[in-house]
Structure formats: C-alpha cells, structure tokens
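Participant: Just passing along the structure, written as structure tokens.
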Amino acid sequence: MEQAPPDAPRQLQPAPLEPLGLPDAGLQAAAGEEEEGAREEGPGDGTMTENNFWLKKIEISVSEAEKRTGRNAMNMQETYTAYLIETRSVDHTDGQSVLTDSLWRRYSEFELLRNYLLVYYPHVVVPPLPEKRAEFVWHKLSADNMDPDFVERRRIGLENFLLRVASHPILCRDKIFYLFLTQEGNWKETVNETGFQLKADSRLKALNATFRVKNPDKRFTELKHYSDELQSVISHLLRVRARVADRLYGVYKVHGNYGRVFSEWSAIEKEMGDGLQSAGHHMDVYASSIDDILEDEEHYADQLKEYLFYAEALRAVCRKHELMQYDLEMAAQDLASKKQQCEELATGTVRTFSLKGMTTKLFGQETPEQREARIKVLEEQINEGEQQLKSKNLEGREFVKNAWADIERFKEQKNHDLKEALISYAVMQISMCKKGIQVWTNAKECFSKM
C-alpha cells in the first residue's frame with residue numbers, strides 16, 4: 001500500500017545533537033569524526049545505507065549469551081540469560097578494530113531501552129526486539145526460552161536491534177543509547193532519572209482518543225490499517241511455514257526407512273549387496289540433512305518475525321498522532337466554549353442551556369462588577385487557550401512532518417529487507433530440491449552398478 005508523500009518543505013532535516021556526555025576517548029573520537037562527516041555530507045535520503053553514522057566508525061556486536069542464576073526484585077531466585085555487548089572503534093586507515101567496551105545486558109534491559117526510545121521519539125518507527133518466547137514453532141522446535149538454539153537466535157536478533165538503532169539517523173545520537181553500550185553500572189538509574197515513565201501515554205487514554213477523535217488524518221488511518229494487514233499476512237505466512245516444516249521433517253525422516261530397508265536387503269544379496277548398501281547410505285544422509293535445513297529456515301523465519309513486530313511499531317506512531325489530534329480538538333472545543341461564555345456575559349444573552357443560566361434564574365443576576373471580573377478571567381483564559389492551541393498546532397504539524405519522513409525511510413528499508421529475505425528463502429528451497437535430486441541420482445547410479 002502506497003501512502004501519499006508529504007510536501008517537499010516538510011521533509012525531515014535532523015540537526016546534529018550535542019556531544020554525548022563523557023564517553024571513552026577512543027569511542028568519542030570515532031563518534032565525533034562521524035558526526036562531523038554527517039554534517040558535511042548532509043542528511044542524505046534517510047536510507048539505512050547512507051545514514052550509518054556510527055557503523056562507519058564503530059562495530060557493535062552481541063557476541064555471547066550466558067545462562068545465569070540470581071535474585072529478582074522479589075528476592076526470589078531466577079534463571080536468566082545475559083548477553084555480552086562489544087563495541088569496537090574501527091580505524092579505516094589499516095582496517096583494524098580495537099575493542100573499546102564490553103558489558104553484559106539482560107533482555108529486560110533491552111526492553112527498558114526500547115520503551116525509553118518509544119517515549120522520547122514518538123514520531124520514529126522504533127525497531128522491535130526479537131521475541132521473548134518462541135512463537136510459530138513447528139513440533140520438533142523447542143518453545144523453551146532457555147533452549148540453546150532459541151537463545152542463539154535471540155542473540156542474533158538483539159544484535160540486529162542494536163544495529164538498527166545505531167544506523168538510524170536520529171536514534172543513533174541518543175545519549176541513553178550510547179550509555180547502554182558503554183556504561184554497565186547504574187545505567188537503569190540513569191534511564192529512570194529521565195522520567196520517561198511519567199511521559200508515557202496510558203493505554204486507556206490512547207483507546208479513548210482512537211474512538212473520540214473527530215478529524216483523523218487519512219494517511220495515518222490508512223497506515224494503521226496497513227500495519228494490521230501486514231501483521232495478519234506475515235502471521236499467516238509463518239503459520240504456513242511451520243506446517244510445511246512439520247511435514248517436510250516427516251518426509252525426510254521417512255527416507256531413513258529406505259536406508260534401513262536397503263541395508264537389510266543388502267545382507268541377503270551377493271551380486272546386488274554393494275549397490276543396495278550404497279543406496280541405503282545416500283538415503284540415510286538425505287534423512288539426516290533436514291535438521292540443518294530447518295535450522296537455517298528458522299533464521300529466515302526470524303527475519304519475517306521482525307516485520308511482524310514492526311507492525312506494532314507503526315501502530316504506536318499512529319496512536320501517538322491520534323492522541324495529539326484528540327488533544328488539539330479538545331483544546332479547540334474548550335476555547336470555543338470559553339469564547340461563547342465571554343460573549344454571553346458581554347451581551348447578556350444565553351444561547352444554550354447551562355447550569356450557570358439556571359443558577360442565575362434561581363438566585364438573580366450578577367452585579368456588573370461580578371460580570372466584569374468574570375469577563376476578565378475568561379479573556380485571560382481565552383488568550384492562554386489561543387496560545388496553547390497555536391502551540392499544539394505547531395507541535396502537530398512538526399510531528400506529522402517528522403513521522404512521515406521516518407515512515408518513508410522505514411518503507412524503503414522494509415521493501416529491501418523483505419525482498420532479500422524472500423529471495424534468499426527461495427534460493428535455499430531450490431538448493432534443497434537440488435540436493436534431493438542429487439541423492440536420487442546417486443541412488444540410481446548405485447542401482448545401475450548392481
């Protein structure tokens with residue numbers, strides 16, 4: 001689904017942020033050089049390939065996963081997985097990389113970082129984290145979140161998340177993200193001191209805005225619908241893939257029965273024995289190859305899952321816009337009400353039913369001094385309301401401009417990534433079929449020599 005692009009003047013032109021606190025000298029130098037280079041080159045077109053500000057000078061990797069045991073906030077013992085994050089400063093003159101920082105993080109700390117980014121950058125399609133527990137698994141795949149294969153895939157997913165953030169033209173410059181990579185102690189306290197939890201919009205408020213906003217932006221409404229459809233399509237695709245994996249596993253393993261039967265048959269044959277034994281060996285190899293094939297397939301499934309979770313990131317941007325639009329409409333409605341009250345007080349006419357009008361009829365008219373005092377208060381409130389409305393209008397326009405620029409960047413990234421993933425998956429399937437043909441070709445040669 002294509003969205004109508006914004007007007008040319010509304011394209012996002014992110015300004016460089018201030019230097020990031022007190023980083024390590026080597027890492028600071030690399031980041032500083034890259035930031036200077038970004039200012040000279042300009043903002044580019046917002047693609048992943050042209051805005052890798054940090055990734056040109058700094059390598060980020062999640063190199064290890066380690067099972068640990070500790071006590072949680074309730075002082076209860078728990079088992080969890082910690083991940084080793086390494087950052088290296090790259091010297092392009094000789095191509096060497098130097099280890100700058102390494103630290104361990106839990107999955108919950110990655111969640112905290114992402115929640116912070118969602119609050120402080122509501123106009124950004126924030127990259128999603130990999131799944132905390134396995135979804136869309138086929139029956140031979142473990143759903144245990146401590147399973148070594150699952151932990152390894154999640155390690156890859158967490159590294160991809162950090163690379164996505166580091167390559168984003170806005171998120172990569174955030175100080176909290178930098179500290180996440182370099183400051184192991186007191187990082188949580190630093191994040192909580194930002195007060196981002198207090199700025200987070202409540203789900204009830206967001207739901208209220210969804211149903212009560214009167215003039216929603218058509219582009220964001222369509223984008224929200226598209227994100228729902230994208231999530232549905234990828235969910236169905238992953239379910240189909242899981243069913244195919246189940247059946248494919250069975251088909252391959254059944255070929256092991258050929259190997260057993262040929263081997264048993266070879267024992268009672270003299271002239272045909274060697275050929276049958278060799279054919280049985282090829283069938284055994286074919287049957288055992290499915291484990292590696294389906295393990296490779298999981299990596300392609302994880303790429304699809306990333307965009308399954310990206311759909312929710314798109315909806316988060318749409319919900320924020322709905323909230324801002326709702327606040328704007330409420331501010332306009334409140335301002336109109338105050339203007340009407342002021343007009344009614346000034347002219348002495350009441351055009352609508354009100355509790356104040358009933359009170360006046362019951363207890364008599366206000367004195368001129370009281371009326372003037374009320375008019376003065378209302379005029380002050382009207383002036384303040386007009387300023388607030390103007391501010392909310394400007395804020396809303398800025399949000400739309402920035403959000404749509406990032407959405408366009410995301411769409412380009414999505415189209416490229418999904419195209420590559422689907423092509424790679426098709427190539428893998430072709431290779432798998434060729435191996436099957438080769439197995440039966442070898443078996444045919446074995447039979448021919450009997």
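By order in the structure tokens, chains are A, B, ...; within a chain, residues start at 1; ligands start at 1, following the order shown.
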Just the residues within 9 Å of Leu113 (chain A), please, counting only C-alpha atoms, with nothing from its chain fewer than 2 positions along; format it as JSON, numbers by chain.
Facilitator: {"A": [108, 109, 110, 111, 115, 116, 117, 118, 176, 177, 180, 191]}
Participant: For N, CA, C and O atoms, I'd like the residues from the last selection saved as a PDB file, in the first residue's frame.
Facilitator:
```
ATOM      1  N   SER A 108      15.651  -7.823  29.680  1.00  0.00           N
ATOM      2  CA  SER A 108      14.806  -6.786  30.285  1.00  0.00           C
ATOM      3  C   SER A 108      15.421  -5.400  30.134  1.00  0.00           C
ATOM      4  O   SER A 108      14.702  -4.392  30.057  1.00  0.00           O
ATOM      5  N   GLU A 109      16.752  -5.325  30.064  1.00  0.00           N
ATOM      6  CA  GLU A 109      17.403  -4.029  29.872  1.00  0.00           C
ATOM      7  C   GLU A 109      17.242  -3.543  28.431  1.00  0.00           C
ATOM      8  O   GLU A 109      17.117  -2.344  28.182  1.00  0.00           O
ATOM      9  N   PHE A 110      17.251  -4.484  27.493  1.00  0.00           N
ATOM     10  CA  PHE A 110      16.941  -4.123  26.108  1.00  0.00           C
ATOM     11  C   PHE A 110      15.504  -3.573  26.029  1.00  0.00           C
ATOM     12  O   PHE A 110      15.241  -2.597  25.318  1.00  0.00           O
ATOM     13  N   GLU A 111      14.585  -4.215  26.767  1.00  0.00           N
ATOM     14  CA  GLU A 111      13.196  -3.745  26.792  1.00  0.00           C
ATOM     15  C   GLU A 111      13.105  -2.339  27.362  1.00  0.00           C
ATOM     16  O   GLU A 111      12.354  -1.494  26.852  1.00  0.00           O
ATOM     17  N   ASN A 115      11.606   0.915  25.436  1.00  0.00           N
ATOM     18  CA  ASN A 115      10.492   1.683  25.997  1.00  0.00           C
ATOM     19  C   ASN A 115      10.855   3.158  26.125  1.00  0.00           C
ATOM     20  O   ASN A 115      10.021   4.034  25.873  1.00  0.00           O
ATOM     21  N   TYR A 116      12.088   3.423  26.513  1.00  0.00           N
ATOM     22  CA  TYR A 116      12.562   4.817  26.593  1.00  0.00           C
ATOM     23  C   TYR A 116      12.534   5.468  25.208  1.00  0.00           C
ATOM     24  O   TYR A 116      12.064   6.603  25.051  1.00  0.00           O
ATOM     25  N   LEU A 117      13.026   4.758  24.190  1.00  0.00           N
ATOM     26  CA  LEU A 117      13.056   5.310  22.831  1.00  0.00           C
ATOM     27  C   LEU A 117      11.641   5.576  22.316  1.00  0.00           C
ATOM     28  O   LEU A 117      11.399   6.579  21.622  1.00  0.00           O
ATOM     29  N   LEU A 118      10.700   4.693  22.646  1.00  0.00           N
ATOM     30  CA  LEU A 118       9.314   4.884  22.217  1.00  0.00           C
ATOM     31  C   LEU A 118       8.726   6.171  22.779  1.00  0.00           C
ATOM     32  O   LEU A 118       7.968   6.875  22.096  1.00  0.00           O
ATOM     33  N   ILE A 176      21.274   8.086  25.996  1.00  0.00           N
ATOM     34  CA  ILE A 176      20.926   6.880  26.748  1.00  0.00           C
ATOM     35  C   ILE A 176      21.325   5.636  25.967  1.00  0.00           C
ATOM     36  O   ILE A 176      21.803   4.639  26.539  1.00  0.00           O
ATOM     37  N   PHE A 177      21.156   5.655  24.652  1.00  0.00           N
ATOM     38  CA  PHE A 177      21.581   4.531  23.819  1.00  0.00           C
ATOM     39  C   PHE A 177      23.096   4.364  23.894  1.00  0.00           C
ATOM     40  O   PHE A 177      23.603   3.243  24.021  1.00  0.00           O
ATOM     41  N   PHE A 180      23.965   2.827  27.120  1.00  0.00           N
ATOM     42  CA  PHE A 180      23.578   1.413  27.118  1.00  0.00           C
ATOM     43  C   PHE A 180      24.728   0.548  26.608  1.00  0.00           C
ATOM     44  O   PHE A 180      24.933  -0.580  27.079  1.00  0.00           O
ATOM     45  N   VAL A 191      18.496   5.868  33.199  1.00  0.00           N
ATOM     46  CA  VAL A 191      17.289   5.878  32.362  1.00  0.00           C
ATOM     47  C   VAL A 191      16.084   6.342  33.171  1.00  0.00           C
ATOM     48  O   VAL A 191      15.304   7.193  32.712  1.00  0.00           O
TER      49      VAL A 191
END
```
Participant: Which one is closest to Thr100 (chain A): A:Ile85, A:Leu248, A:Leu276, A:Ala200? Count only C-alpha atoms.
Facilitator: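 Comparing A:Ile85, A:Leu248, A:Leu276, A:Ala200 against Thr100 (chain A), the winner is A:Ile85.
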Participant: To one decimal place, how far is CA of Lys339 (chain A) from CA of Ile375 (chain A) in Å?
Facilitator: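 We find that CA of Lys339 (chain A) and CA of Ile375 (chain A) lie 9.9 Å from each other.
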Participant: Can you tell me which residues surround region 214-229 of chain A at a distance of at most 6 Å, considering only C-alpha atoms, apart from same-chain residues fewer than 5 positions away, and format the answer as a ChimeraX atom specification?
Facilitator: /A:311,315,318
Participant: Grab the residues selected above and save them as a PDB file, in the first residue's frame with C-alpha atoms.
Facilitator:
```pdb
ATOM      1  CA  ALA A 311       3.726  -3.627  12.520  1.00  0.00           C
ATOM      2  CA  ARG A 315       0.700   1.437  15.101  1.00  0.00           C
ATOM      3  CA  CYS A 318      -0.370   6.203  14.570  1.00  0.00           C
TER       4      CYS A 318
END
```
Participant: I need the residue nearest Glu295 (chain A) from this list: A:Arg164, A:Lys401, A:Arg153, A:Arg114. Use only C-alpha atoms for the distance.
Facilitator: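 Closest to Glu295 (chain A) of all the choices is A:Arg153.
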Participant: Near Ala421 (chain A), counting only C-alpha atoms, which residues have an atom at most 10 Å away, once you skip same-chain residues fewer than 4 positions from it, shown as a PyMOL selection string?
Facilitator: chain A and resi 299-304+416-417+425-427
Participant: Taking only C-alpha atoms into account, produce a table as a tab-separated table in which each residue of region 268-349 of chain A with an atom at most 8 Å from an atom of region 386-395 of chain A appears once, together with its shortest atom pair and the distance in Å to one decimal, ordered by chain and rising number.
Facilitator:
```
residue	atom	partner	partner_atom	distance
A:Met324	CA	A:Lys392	CA	7.8
A:Leu328	CA	A:Lys392	CA	6.1
A:Ala331	CA	A:Leu389	CA	6.2
A:Ala332	CA	A:Leu389	CA	6.6
A:Leu335	CA	A:Glu386	CA	7.1
```
Participant: State, in Å with one decimal place, the distance from CA of Val165 (chain A) to CA of Pro148 (chain A).
Facilitator: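 If I compute the distance from CA of Val165 (chain A) to CA of Pro148 (chain A), I get 25.8 Å.
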Participant: I want to know what sits within 9 Å of Ser448 (chain A), based on only C-alpha atoms, with residues of the same chain fewer than 4 positions away left out; could you give that as a list in words?
Facilitator: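 The neighbour list is Gly275, Ala443 and Lys444 of chain A.
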Participant: How about saving the chosen residues, all heavy atoms kept, as a PDB file, in the first residue's frame?
Facilitator:
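Saved file out_24.pdb follows:
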```pdb
ATOM      1  N   GLY A 275      25.537 -52.412  -4.116  1.00  0.00           N
ATOM      2  CA  GLY A 275      24.706 -51.329  -4.655  1.00  0.00           C
ATOM      3  C   GLY A 275      23.611 -50.923  -3.689  1.00  0.00           C
ATOM      4  O   GLY A 275      23.335 -49.740  -3.490  1.00  0.00           O
ATOM      5  N   ALA A 443      21.566 -42.639  -6.009  1.00  0.00           N
ATOM      6  CA  ALA A 443      20.918 -43.937  -5.778  1.00  0.00           C
ATOM      7  C   ALA A 443      20.721 -44.684  -7.099  1.00  0.00           C
ATOM      8  O   ALA A 443      20.932 -45.914  -7.192  1.00  0.00           O
ATOM      9  CB  ALA A 443      19.591 -43.738  -5.071  1.00  0.00           C
ATOM     10  N   LYS A 444      20.375 -43.949  -8.151  1.00  0.00           N
ATOM     11  CA  LYS A 444      20.178 -44.544  -9.465  1.00  0.00           C
ATOM     12  C   LYS A 444      21.484 -45.161  -9.974  1.00  0.00           C
ATOM     13  O   LYS A 444      21.496 -46.264 -10.525  1.00  0.00           O
ATOM     14  CB  LYS A 444      19.686 -43.476 -10.448  1.00  0.00           C
ATOM     15  CG  LYS A 444      19.547 -43.971 -11.872  1.00  0.00           C
ATOM     16  CD  LYS A 444      19.216 -42.818 -12.812  1.00  0.00           C
ATOM     17  CE  LYS A 444      19.234 -43.301 -14.272  1.00  0.00           C
ATOM     18  NZ  LYS A 444      19.025 -42.175 -15.194  1.00  0.00           N
TER      19      LYS A 444
END
```
Participant: Considering only C-alpha atoms, state which residue in the set A:Lys435, A:Lys449, A:His236, A:Lys411 is at the smallest distance from Tyr286 (chain A).
Facilitator: A:Lys435
Participant: Ranking A:Glu64, A:Gly256, A:Gln197, A:Trp187 by minimum distance to Glu159 (chain A) and counting only C-alpha atoms, which one comes first?
Facilitator: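 Closest to Glu159 (chain A), using only C-alpha atoms: A:Glu64.
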Participant: Kindly indicate which residue among A:Pro169, A:Pro368, A:Gly385, A:Gly436 lies nearest to Ala346 (chain A), using only C-alpha atoms for the distances.
Facilitator: A:Pro368
Participant: Write down as a PyMOL selection string the residues of region 73-281 of chain A whose backbone DSSP state falls under helix (DSSP H, G or I).
Facilitator: chain A and resi 107-120+148-166+171-173+175-182+187-193+196-199+203-212+218-266+273-281
Participant: What gap, in Å, lies between CA of Ser278 (chain A) and CA of Gln438 (chain A)?
Facilitator: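 So the two atoms, CA of Ser278 (chain A) and CA of Gln438 (chain A), lie 13.9 Å apart.
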Participant: In terms of the shortest atom-to-atom distance over only C-alpha atoms, which of A:Lys414, A:Arg260, A:Arg88, A:His282 is closest to Thr441 (chain A)?
Facilitator: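 The shortest atom-to-atom distance to Thr441 (chain A) comes from A:His282.
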Participant: Could you list, as a list in words, every residue within 8 Å of Ser235 (chain A), counting only C-alpha atoms and ignoring same-chain residues fewer than 4 positions away?
Facilitator: Gln231, Arg239 and Leu308 of chain A
Participant: Convert the current residue selection to file output with N, CA and C atoms, as a PDB file, in the first residue's frame.
Facilitator:
```
ATOM      1  N   GLN A 231       0.643  -7.337   9.610  1.00  0.00           N
ATOM      2  CA  GLN A 231       0.786  -8.286  10.710  1.00  0.00           C
ATOM      3  C   GLN A 231       0.011  -9.568  10.436  1.00  0.00           C
ATOM      4  N   ARG A 239       2.670 -19.271   9.962  1.00  0.00           N
ATOM      5  CA  ARG A 239       1.920 -20.486  10.311  1.00  0.00           C
ATOM      6  C   ARG A 239       2.032 -21.525   9.186  1.00  0.00           C
ATOM      7  N   LEU A 308       6.882  -8.630  11.512  1.00  0.00           N
ATOM      8  CA  LEU A 308       5.635  -8.876  12.242  1.00  0.00           C
ATOM      9  C   LEU A 308       5.558  -7.932  13.439  1.00  0.00           C
TER      10      LEU A 308
END
```
